[in-house]
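Peer 1: Hey, dropping final_23.txt in here, compact mmCIF, N, CA and C atoms and all ligand atoms:
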# COMPACT_ATOMS: atom_id res chain seq x y z
N MET A 1 -34.72 -0.53 47.54
CA MET A 1 -36.12 -0.88 47.79
C MET A 1 -36.23 -1.86 48.96
N ASN A 2 -37.21 -1.59 49.86
CA ASN A 2 -37.42 -2.46 51.02
C ASN A 2 -38.41 -3.56 50.63
N PHE A 3 -37.87 -4.76 50.29
CA PHE A 3 -38.69 -5.86 49.78
C PHE A 3 -39.68 -6.34 50.84
N ARG A 4 -39.20 -6.39 52.11
CA ARG A 4 -40.07 -6.89 53.18
C ARG A 4 -41.29 -5.98 53.38
N LYS A 5 -41.03 -4.66 53.25
CA LYS A 5 -42.12 -3.69 53.40
C LYS A 5 -43.14 -3.86 52.27
N LEU A 6 -42.63 -4.13 51.07
CA LEU A 6 -43.52 -4.34 49.91
C LEU A 6 -44.40 -5.56 50.13
N VAL A 7 -43.78 -6.67 50.60
CA VAL A 7 -44.54 -7.90 50.85
C VAL A 7 -45.59 -7.66 51.93
N ARG A 8 -45.21 -6.88 52.97
CA ARG A 8 -46.15 -6.56 54.06
C ARG A 8 -47.35 -5.77 53.52
N SER A 9 -47.07 -4.80 52.64
CA SER A 9 -48.15 -4.00 52.06
C SER A 9 -49.10 -4.88 51.25
N LEU A 10 -48.52 -5.79 50.45
CA LEU A 10 -49.35 -6.68 49.63
C LEU A 10 -50.19 -7.60 50.52
N THR A 11 -49.58 -8.10 51.61
CA THR A 11 -50.30 -8.98 52.54
C THR A 11 -51.47 -8.25 53.19
N ILE A 12 -51.22 -7.01 53.59
CA ILE A 12 -52.28 -6.21 54.22
C ILE A 12 -53.41 -5.96 53.22
N GLY A 13 -53.04 -5.64 51.98
CA GLY A 13 -54.04 -5.41 50.94
C GLY A 13 -54.90 -6.65 50.70
N CYS A 14 -54.24 -7.82 50.66
CA CYS A 14 -54.98 -9.08 50.45
C CYS A 14 -55.93 -9.35 51.62
N ALA A 15 -55.45 -9.08 52.84
CA ALA A 15 -56.29 -9.29 54.03
C ALA A 15 -57.53 -8.39 53.95
N GLY A 16 -57.33 -7.13 53.53
CA GLY A 16 -58.45 -6.20 53.40
C GLY A 16 -59.43 -6.68 52.35
N LEU A 17 -58.89 -7.17 51.23
CA LEU A 17 -59.75 -7.65 50.14
C LEU A 17 -60.60 -8.84 50.60
N ILE A 18 -59.97 -9.78 51.32
CA ILE A 18 -60.69 -10.96 51.82
C ILE A 18 -61.77 -10.52 52.81
N ASP A 19 -61.43 -9.54 53.66
CA ASP A 19 -62.38 -9.02 54.64
C ASP A 19 -63.61 -8.44 53.93
N VAL A 20 -63.38 -7.62 52.88
CA VAL A 20 -64.51 -7.00 52.17
C VAL A 20 -65.36 -8.08 51.50
N ILE A 21 -64.71 -9.08 50.89
CA ILE A 21 -65.46 -10.16 50.23
C ILE A 21 -66.31 -10.91 51.26
N ARG A 22 -65.73 -11.18 52.42
CA ARG A 22 -66.46 -11.94 53.46
C ARG A 22 -67.61 -11.15 54.03
N SER A 23 -67.42 -9.84 54.19
CA SER A 23 -68.39 -9.06 54.97
C SER A 23 -69.44 -8.35 54.11
N GLU A 24 -69.14 -8.10 52.83
CA GLU A 24 -70.04 -7.29 52.02
C GLU A 24 -70.70 -8.11 50.91
N GLN A 25 -72.03 -8.25 51.00
CA GLN A 25 -72.76 -9.01 49.97
C GLN A 25 -72.56 -8.40 48.58
N ASN A 26 -72.58 -7.06 48.51
CA ASN A 26 -72.41 -6.41 47.19
C ASN A 26 -71.07 -6.78 46.55
N MET A 27 -70.03 -6.89 47.38
CA MET A 27 -68.71 -7.25 46.85
C MET A 27 -68.74 -8.67 46.27
N ARG A 28 -69.47 -9.57 46.95
CA ARG A 28 -69.56 -10.95 46.44
C ARG A 28 -70.32 -10.96 45.11
N ILE A 29 -71.35 -10.12 45.01
CA ILE A 29 -72.10 -10.01 43.74
C ILE A 29 -71.16 -9.50 42.64
N HIS A 30 -70.39 -8.45 42.94
CA HIS A 30 -69.44 -7.91 41.95
C HIS A 30 -68.46 -9.00 41.50
N CYS A 31 -67.98 -9.81 42.45
CA CYS A 31 -67.00 -10.86 42.12
C CYS A 31 -67.62 -11.91 41.21
N VAL A 32 -68.87 -12.31 41.50
CA VAL A 32 -69.55 -13.30 40.67
C VAL A 32 -69.74 -12.74 39.25
N VAL A 33 -70.18 -11.47 39.16
CA VAL A 33 -70.36 -10.84 37.84
C VAL A 33 -69.02 -10.77 37.11
N ALA A 34 -67.96 -10.39 37.83
CA ALA A 34 -66.63 -10.29 37.22
C ALA A 34 -66.18 -11.65 36.68
N ALA A 35 -66.44 -12.72 37.45
CA ALA A 35 -66.07 -14.07 37.00
C ALA A 35 -66.87 -14.44 35.74
N GLY A 36 -68.17 -14.12 35.75
CA GLY A 36 -69.02 -14.43 34.58
C GLY A 36 -68.56 -13.67 33.35
N VAL A 37 -68.22 -12.39 33.53
CA VAL A 37 -67.76 -11.57 32.40
C VAL A 37 -66.43 -12.12 31.86
N THR A 38 -65.57 -12.57 32.77
CA THR A 38 -64.27 -13.12 32.35
C THR A 38 -64.48 -14.39 31.52
N VAL A 39 -65.39 -15.26 31.97
CA VAL A 39 -65.69 -16.48 31.20
C VAL A 39 -66.27 -16.09 29.83
N ALA A 40 -67.19 -15.11 29.82
CA ALA A 40 -67.78 -14.66 28.55
C ALA A 40 -66.69 -14.10 27.63
N GLY A 41 -65.74 -13.38 28.21
CA GLY A 41 -64.63 -12.84 27.42
C GLY A 41 -63.80 -13.94 26.77
N LEU A 42 -63.59 -15.03 27.51
CA LEU A 42 -62.84 -16.17 26.96
C LEU A 42 -63.66 -16.85 25.86
N VAL A 43 -64.98 -17.02 26.11
CA VAL A 43 -65.85 -17.68 25.12
C VAL A 43 -65.88 -16.88 23.82
N PHE A 44 -65.99 -15.54 23.94
CA PHE A 44 -66.08 -14.70 22.74
C PHE A 44 -64.71 -14.26 22.22
N ALA A 45 -63.64 -14.76 22.83
CA ALA A 45 -62.26 -14.45 22.38
C ALA A 45 -62.09 -12.95 22.16
N LEU A 46 -62.22 -12.18 23.23
CA LEU A 46 -62.11 -10.73 23.13
C LEU A 46 -60.76 -10.31 22.58
N ALA A 47 -60.76 -9.18 21.85
CA ALA A 47 -59.50 -8.58 21.39
C ALA A 47 -58.78 -7.95 22.58
N ALA A 48 -57.49 -7.64 22.39
CA ALA A 48 -56.68 -7.11 23.50
C ALA A 48 -57.31 -5.84 24.07
N TRP A 49 -57.75 -4.90 23.21
CA TRP A 49 -58.31 -3.64 23.72
C TRP A 49 -59.61 -3.89 24.47
N GLU A 50 -60.36 -4.93 24.06
CA GLU A 50 -61.61 -5.26 24.76
C GLU A 50 -61.31 -5.80 26.16
N TRP A 51 -60.26 -6.64 26.25
CA TRP A 51 -59.84 -7.12 27.57
C TRP A 51 -59.42 -5.96 28.46
N VAL A 52 -58.69 -5.00 27.87
CA VAL A 52 -58.25 -3.83 28.65
C VAL A 52 -59.46 -3.11 29.24
N ALA A 53 -60.48 -2.88 28.39
CA ALA A 53 -61.68 -2.17 28.85
C ALA A 53 -62.39 -2.96 29.94
N VAL A 54 -62.55 -4.28 29.72
CA VAL A 54 -63.29 -5.12 30.67
C VAL A 54 -62.54 -5.22 32.01
N VAL A 55 -61.24 -5.46 31.94
CA VAL A 55 -60.46 -5.63 33.17
C VAL A 55 -60.39 -4.31 33.95
N LEU A 56 -60.28 -3.19 33.22
CA LEU A 56 -60.29 -1.89 33.90
C LEU A 56 -61.61 -1.68 34.64
N CYS A 57 -62.71 -2.02 33.98
CA CYS A 57 -64.02 -1.86 34.62
C CYS A 57 -64.14 -2.73 35.86
N ILE A 58 -63.72 -3.99 35.75
CA ILE A 58 -63.79 -4.90 36.90
C ILE A 58 -62.96 -4.33 38.06
N GLY A 59 -61.75 -3.89 37.76
CA GLY A 59 -60.87 -3.34 38.80
C GLY A 59 -61.46 -2.10 39.45
N LEU A 60 -62.05 -1.23 38.62
CA LEU A 60 -62.63 0.00 39.16
C LEU A 60 -63.80 -0.29 40.09
N VAL A 61 -64.66 -1.24 39.69
CA VAL A 61 -65.84 -1.57 40.51
C VAL A 61 -65.40 -2.19 41.84
N LEU A 62 -64.48 -3.15 41.79
CA LEU A 62 -64.03 -3.81 43.02
C LEU A 62 -63.32 -2.81 43.94
N SER A 63 -62.51 -1.95 43.32
CA SER A 63 -61.79 -0.95 44.11
C SER A 63 -62.77 0.04 44.76
N ALA A 64 -63.78 0.47 44.00
CA ALA A 64 -64.77 1.41 44.56
C ALA A 64 -65.51 0.77 45.73
N GLU A 65 -65.83 -0.53 45.61
CA GLU A 65 -66.53 -1.21 46.70
C GLU A 65 -65.64 -1.28 47.95
N CYS A 66 -64.35 -1.52 47.76
CA CYS A 66 -63.43 -1.54 48.91
C CYS A 66 -63.37 -0.16 49.57
N MET A 67 -63.27 0.90 48.76
CA MET A 67 -63.21 2.26 49.31
C MET A 67 -64.51 2.60 50.04
N ASN A 68 -65.64 2.17 49.46
CA ASN A 68 -66.94 2.45 50.08
C ASN A 68 -67.06 1.73 51.43
N THR A 69 -66.56 0.51 51.48
CA THR A 69 -66.59 -0.24 52.74
C THR A 69 -65.73 0.45 53.79
N ALA A 70 -64.55 0.94 53.37
CA ALA A 70 -63.66 1.66 54.30
C ALA A 70 -64.37 2.89 54.85
N LEU A 71 -65.04 3.62 53.96
CA LEU A 71 -65.75 4.84 54.37
C LEU A 71 -66.89 4.51 55.34
N GLU A 72 -67.65 3.43 55.04
CA GLU A 72 -68.76 3.03 55.92
C GLU A 72 -68.25 2.69 57.32
N ARG A 73 -67.12 1.97 57.37
CA ARG A 73 -66.60 1.55 58.68
C ARG A 73 -66.07 2.73 59.48
N LEU A 74 -65.40 3.65 58.77
CA LEU A 74 -64.94 4.86 59.47
C LEU A 74 -66.12 5.65 59.99
N ALA A 75 -67.17 5.76 59.16
CA ALA A 75 -68.37 6.50 59.57
C ALA A 75 -68.99 5.85 60.80
N ASP A 76 -69.05 4.51 60.80
CA ASP A 76 -69.64 3.80 61.94
C ASP A 76 -68.80 3.98 63.20
N ARG A 77 -67.48 4.16 63.02
CA ARG A 77 -66.61 4.40 64.17
C ARG A 77 -66.82 5.80 64.73
N VAL A 78 -67.10 6.76 63.83
CA VAL A 78 -67.31 8.15 64.26
C VAL A 78 -68.56 8.23 65.13
N THR A 79 -69.66 7.62 64.66
CA THR A 79 -70.88 7.58 65.49
C THR A 79 -71.83 6.49 65.02
N GLN A 80 -72.54 5.91 65.98
CA GLN A 80 -73.61 4.95 65.67
C GLN A 80 -74.96 5.65 65.65
N GLU A 81 -74.95 6.95 66.09
CA GLU A 81 -76.19 7.75 66.09
C GLU A 81 -76.55 8.11 64.66
N ARG A 82 -77.85 8.41 64.43
CA ARG A 82 -78.25 8.93 63.13
C ARG A 82 -77.68 10.34 63.00
N ASP A 83 -77.02 10.60 61.90
CA ASP A 83 -76.38 11.89 61.70
C ASP A 83 -76.46 12.26 60.22
N PRO A 84 -76.96 13.46 59.89
CA PRO A 84 -77.16 13.83 58.49
C PRO A 84 -75.86 13.82 57.67
N LEU A 85 -74.75 14.21 58.30
CA LEU A 85 -73.48 14.22 57.55
C LEU A 85 -72.97 12.80 57.29
N ILE A 86 -73.19 11.90 58.27
CA ILE A 86 -72.80 10.50 58.07
C ILE A 86 -73.64 9.92 56.92
N LYS A 87 -74.93 10.27 56.91
CA LYS A 87 -75.78 9.80 55.82
C LYS A 87 -75.26 10.30 54.47
N GLN A 88 -74.90 11.60 54.41
CA GLN A 88 -74.39 12.15 53.15
C GLN A 88 -73.10 11.43 52.73
N ALA A 89 -72.20 11.22 53.72
CA ALA A 89 -70.93 10.57 53.40
C ALA A 89 -71.16 9.16 52.87
N LYS A 90 -72.03 8.39 53.55
CA LYS A 90 -72.30 7.02 53.11
C LYS A 90 -73.00 7.00 51.75
N ASP A 91 -73.93 7.93 51.56
CA ASP A 91 -74.65 7.96 50.28
C ASP A 91 -73.71 8.35 49.13
N CYS A 92 -72.76 9.27 49.41
CA CYS A 92 -71.78 9.63 48.37
C CYS A 92 -70.88 8.44 48.04
N GLY A 93 -70.50 7.68 49.07
CA GLY A 93 -69.70 6.47 48.83
C GLY A 93 -70.46 5.47 47.98
N ALA A 94 -71.75 5.30 48.30
CA ALA A 94 -72.58 4.37 47.51
C ALA A 94 -72.72 4.90 46.08
N ALA A 95 -72.81 6.23 45.93
CA ALA A 95 -72.92 6.81 44.58
C ALA A 95 -71.66 6.53 43.77
N ALA A 96 -70.51 6.57 44.41
CA ALA A 96 -69.25 6.29 43.70
C ALA A 96 -69.26 4.88 43.12
N VAL A 97 -69.76 3.92 43.92
CA VAL A 97 -69.85 2.54 43.42
C VAL A 97 -70.86 2.47 42.27
N LEU A 98 -72.00 3.16 42.44
CA LEU A 98 -73.04 3.13 41.41
C LEU A 98 -72.51 3.68 40.08
N VAL A 99 -71.75 4.78 40.14
CA VAL A 99 -71.24 5.41 38.91
C VAL A 99 -70.32 4.45 38.16
N VAL A 100 -69.38 3.82 38.86
CA VAL A 100 -68.47 2.91 38.14
C VAL A 100 -69.20 1.65 37.70
N ALA A 101 -70.19 1.20 38.49
CA ALA A 101 -70.95 0.00 38.09
C ALA A 101 -71.75 0.29 36.81
N LEU A 102 -72.38 1.47 36.73
CA LEU A 102 -73.13 1.82 35.51
C LEU A 102 -72.18 1.98 34.32
N THR A 103 -71.01 2.57 34.57
CA THR A 103 -70.01 2.70 33.51
C THR A 103 -69.61 1.31 33.00
N ALA A 104 -69.43 0.38 33.94
CA ALA A 104 -69.05 -0.99 33.56
C ALA A 104 -70.15 -1.65 32.73
N VAL A 105 -71.42 -1.38 33.09
CA VAL A 105 -72.53 -1.96 32.32
C VAL A 105 -72.51 -1.42 30.88
N VAL A 106 -72.25 -0.12 30.73
CA VAL A 106 -72.21 0.49 29.39
C VAL A 106 -71.05 -0.11 28.58
N VAL A 107 -69.87 -0.18 29.21
CA VAL A 107 -68.70 -0.73 28.51
C VAL A 107 -68.94 -2.20 28.16
N GLY A 108 -69.49 -2.95 29.13
CA GLY A 108 -69.79 -4.37 28.88
C GLY A 108 -70.78 -4.52 27.74
N GLY A 109 -71.78 -3.65 27.71
CA GLY A 109 -72.76 -3.70 26.61
C GLY A 109 -72.10 -3.43 25.27
N ALA A 110 -71.23 -2.40 25.22
CA ALA A 110 -70.57 -2.05 23.96
C ALA A 110 -69.68 -3.19 23.47
N VAL A 111 -69.06 -3.91 24.42
CA VAL A 111 -68.15 -5.00 24.03
C VAL A 111 -68.93 -6.27 23.66
N PHE A 112 -69.94 -6.62 24.51
CA PHE A 112 -70.55 -7.95 24.35
C PHE A 112 -71.80 -7.98 23.48
N VAL A 113 -72.60 -6.91 23.47
CA VAL A 113 -73.87 -6.97 22.73
C VAL A 113 -73.67 -7.28 21.24
N PRO A 114 -72.71 -6.60 20.55
CA PRO A 114 -72.51 -6.95 19.14
C PRO A 114 -72.09 -8.41 18.95
N LYS A 115 -71.30 -8.94 19.88
CA LYS A 115 -70.83 -10.34 19.75
C LYS A 115 -71.97 -11.31 19.99
N ILE A 116 -72.79 -11.01 21.01
CA ILE A 116 -73.94 -11.88 21.28
C ILE A 116 -74.90 -11.81 20.10
N GLY A 117 -75.09 -10.58 19.57
CA GLY A 117 -75.96 -10.40 18.40
C GLY A 117 -75.50 -11.23 17.21
N ALA A 118 -74.19 -11.19 16.95
CA ALA A 118 -73.65 -11.95 15.82
C ALA A 118 -73.80 -13.46 16.06
N ALA A 119 -73.63 -13.87 17.35
CA ALA A 119 -73.71 -15.30 17.67
C ALA A 119 -75.12 -15.85 17.49
N VAL A 120 -76.13 -15.02 17.81
CA VAL A 120 -77.51 -15.52 17.69
C VAL A 120 -78.15 -15.12 16.37
N GLY A 121 -77.39 -14.42 15.51
CA GLY A 121 -77.86 -14.09 14.17
C GLY A 121 -78.84 -12.95 14.09
N TRP A 122 -78.65 -11.90 14.97
CA TRP A 122 -79.51 -10.73 14.89
C TRP A 122 -79.20 -9.94 13.62
N1 LIG B 1 -75.20 6.82 61.24
C1 LIG B 1 -76.04 7.14 60.24
N2 LIG B 1 -76.67 8.33 60.22
C2 LIG B 1 -77.50 8.66 59.22
N3 LIG B 1 -77.77 7.88 58.16
C3 LIG B 1 -77.16 6.68 58.11
C4 LIG B 1 -76.29 6.24 59.15
N4 LIG B 1 -75.85 4.98 58.82
C5 LIG B 1 -76.43 4.68 57.64
N5 LIG B 1 -77.21 5.68 57.21
C6 LIG B 1 -78.01 5.75 55.99
O1 LIG B 1 -79.03 4.75 56.03
C7 LIG B 1 -79.22 4.18 54.74
C8 LIG B 1 -79.01 2.68 54.81
O2 LIG B 1 -77.81 2.46 55.45
P1 LIG B 1 -77.42 0.99 55.97
O3 LIG B 1 -76.94 1.09 57.36
O4 LIG B 1 -78.51 0.04 55.63
O5 LIG B 1 -76.28 0.65 55.05
P2 LIG B 1 -74.83 1.15 55.12
O6 LIG B 1 -74.33 1.24 56.54
O7 LIG B 1 -74.78 2.44 54.33
O8 LIG B 1 -74.11 -0.04 54.34
P3 LIG B 1 -74.10 -1.60 54.71
O9 LIG B 1 -75.52 -2.09 54.77
O10 LIG B 1 -73.35 -2.22 53.57
O11 LIG B 1 -73.37 -1.72 56.03
C9 LIG B 1 -78.26 4.92 53.81
O12 LIG B 1 -78.91 6.01 53.18
C10 LIG B 1 -77.18 5.44 54.75
O13 LIG B 1 -76.57 6.60 54.27
Do you think you could lay out the structure here as structure tokens?
Peer 2:
Amino acid sequence: MNFRKLVRSLTIGCAGLIDVIRSEQNMRIHCVVAAGVTVAGLVFALAAWEWVAVVLCIGLVLSAECMNTALERLADRVTQERDPLIKQAKDCGAAAVLVVALTAVVVGGAVFVPKIGAAVGW
């Protein structure tokens, strides 16, 4: 195994992640929500399987946002002109983020709503 190559790949990935966080408001919103959900998970002492579900959702949403940003930048490199196919490509990328974000909301609801309900005595 080429250890130096592995470290280089990780460094490049971190640089990309920092770039997306700096440049994309939606990514910063996802990160704030992810931090809030993590704190809520600690407060409600989630079970192991609940952590698995929550962490998977967070990872999927952040990853989708990174992929969407990559697609947007490639599209902008292809042309700055209005183009119907560029619109379709960007809208499909945005749809990918929307699908995982809605999935995360459903999973988060299934995990947290019963706990919040029990805490407030519903
Ligand atoms: N070159 C283009 N040709 C046609 N439609 C485009 C083009 N660039 C963006 N759009 C469309 O315009 C709408 C708004 O795009 P906008 O430029 O505001 O955001 P974005 O480039 O998709 O993402 P961001 O704002 O995060 O950079 C979307 O429906 C998008 O698909």
Peer 1: Given only N, CA and C atoms as the basis, pick out the residue of A:Ala64, A:Leu17, A:Val111, A:Leu85 nearest to A:Val97.
Peer 2: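 Of A:Ala64, A:Leu17, A:Val111, A:Leu85, the one nearest A:Val97, counting only N, CA and C atoms, is A:Ala64.
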Peer 1: Under the rule of at most 6 Å, produce a per-residue listing of chain A near ligand LIG 1 (chain B): chain, number, name, the closest pair of atoms, and the distance in Å, as JSON lines, using only N, CA and C atoms and all ligand atoms.
Peer 2:
{"residue": "A:Glu72", "atom": "CA", "partner": "B:LIG1", "partner_atom": "O6", "distance": 5.9}
{"residue": "A:Thr79", "atom": "C", "partner": "B:LIG1", "partner_atom": "N1", "distance": 5.1}
{"residue": "A:Gln80", "atom": "C", "partner": "B:LIG1", "partner_atom": "N1", "distance": 4.6}
{"residue": "A:Glu81", "atom": "C", "partner": "B:LIG1", "partner_atom": "N1", "distance": 3.9}
{"residue": "A:Arg82", "atom": "CA", "partner": "B:LIG1", "partner_atom": "N2", "distance": 3.4}
{"residue": "A:Asp83", "atom": "N", "partner": "B:LIG1", "partner_atom": "N2", "distance": 2.8}
{"residue": "A:Pro84", "atom": "N", "partner": "B:LIG1", "partner_atom": "C2", "distance": 4.9}
{"residue": "A:Ile86", "atom": "C", "partner": "B:LIG1", "partner_atom": "C2", "distance": 4.7}
{"residue": "A:Lys87", "atom": "CA", "partner": "B:LIG1", "partner_atom": "N3", "distance": 3.6}
{"residue": "A:Gln88", "atom": "N", "partner": "B:LIG1", "partner_atom": "O13", "distance": 5.3}
{"residue": "A:Lys90", "atom": "C", "partner": "B:LIG1", "partner_atom": "O13", "distance": 4.4}
{"residue": "A:Asp91", "atom": "N", "partner": "B:LIG1", "partner_atom": "O13", "distance": 4.0}
Peer 1: Kindly give the distance, in Å, that separates atom C of A:Met1 and atom C of A:Ala15, rounded to a single decimal.
Peer 2: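 About the pair atom C of A:Met1 and atom C of A:Ala15: they are 22.8 Å apart.
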Peer 1: Would you mind reading off the distance between atom CA of A:Glu65 and atom CA of A:Val43, one decimal, in Å?
Peer 2: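 According to the coordinates, atom CA of A:Glu65 and atom CA of A:Val43 are separated by 27.2 Å.
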Peer 1: Could you jot down the atom N of A:Ala70 to atom C of A:Val100 separation for me, Å, one decimal place?
Peer 2: 16.4 Å
Peer 1: Counting only N, CA and C atoms, what is within 8 Å of A:Ala104, bar same-chain residues fewer than 4 positions away, as a ChimeraX atom specification?
Peer 2: /A:53-54,56-58,61,98-100,108-110
Peer 1: Compare A:Ala94, A:Val39, A:Ile12, A:Val52 by their minimum atom-to-atom distance to A:Asn68, counting only N, CA and C atoms, and give me the closest one.
Peer 2: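 Looking at the shortest contact to A:Asn68, the residue is A:Ala94.
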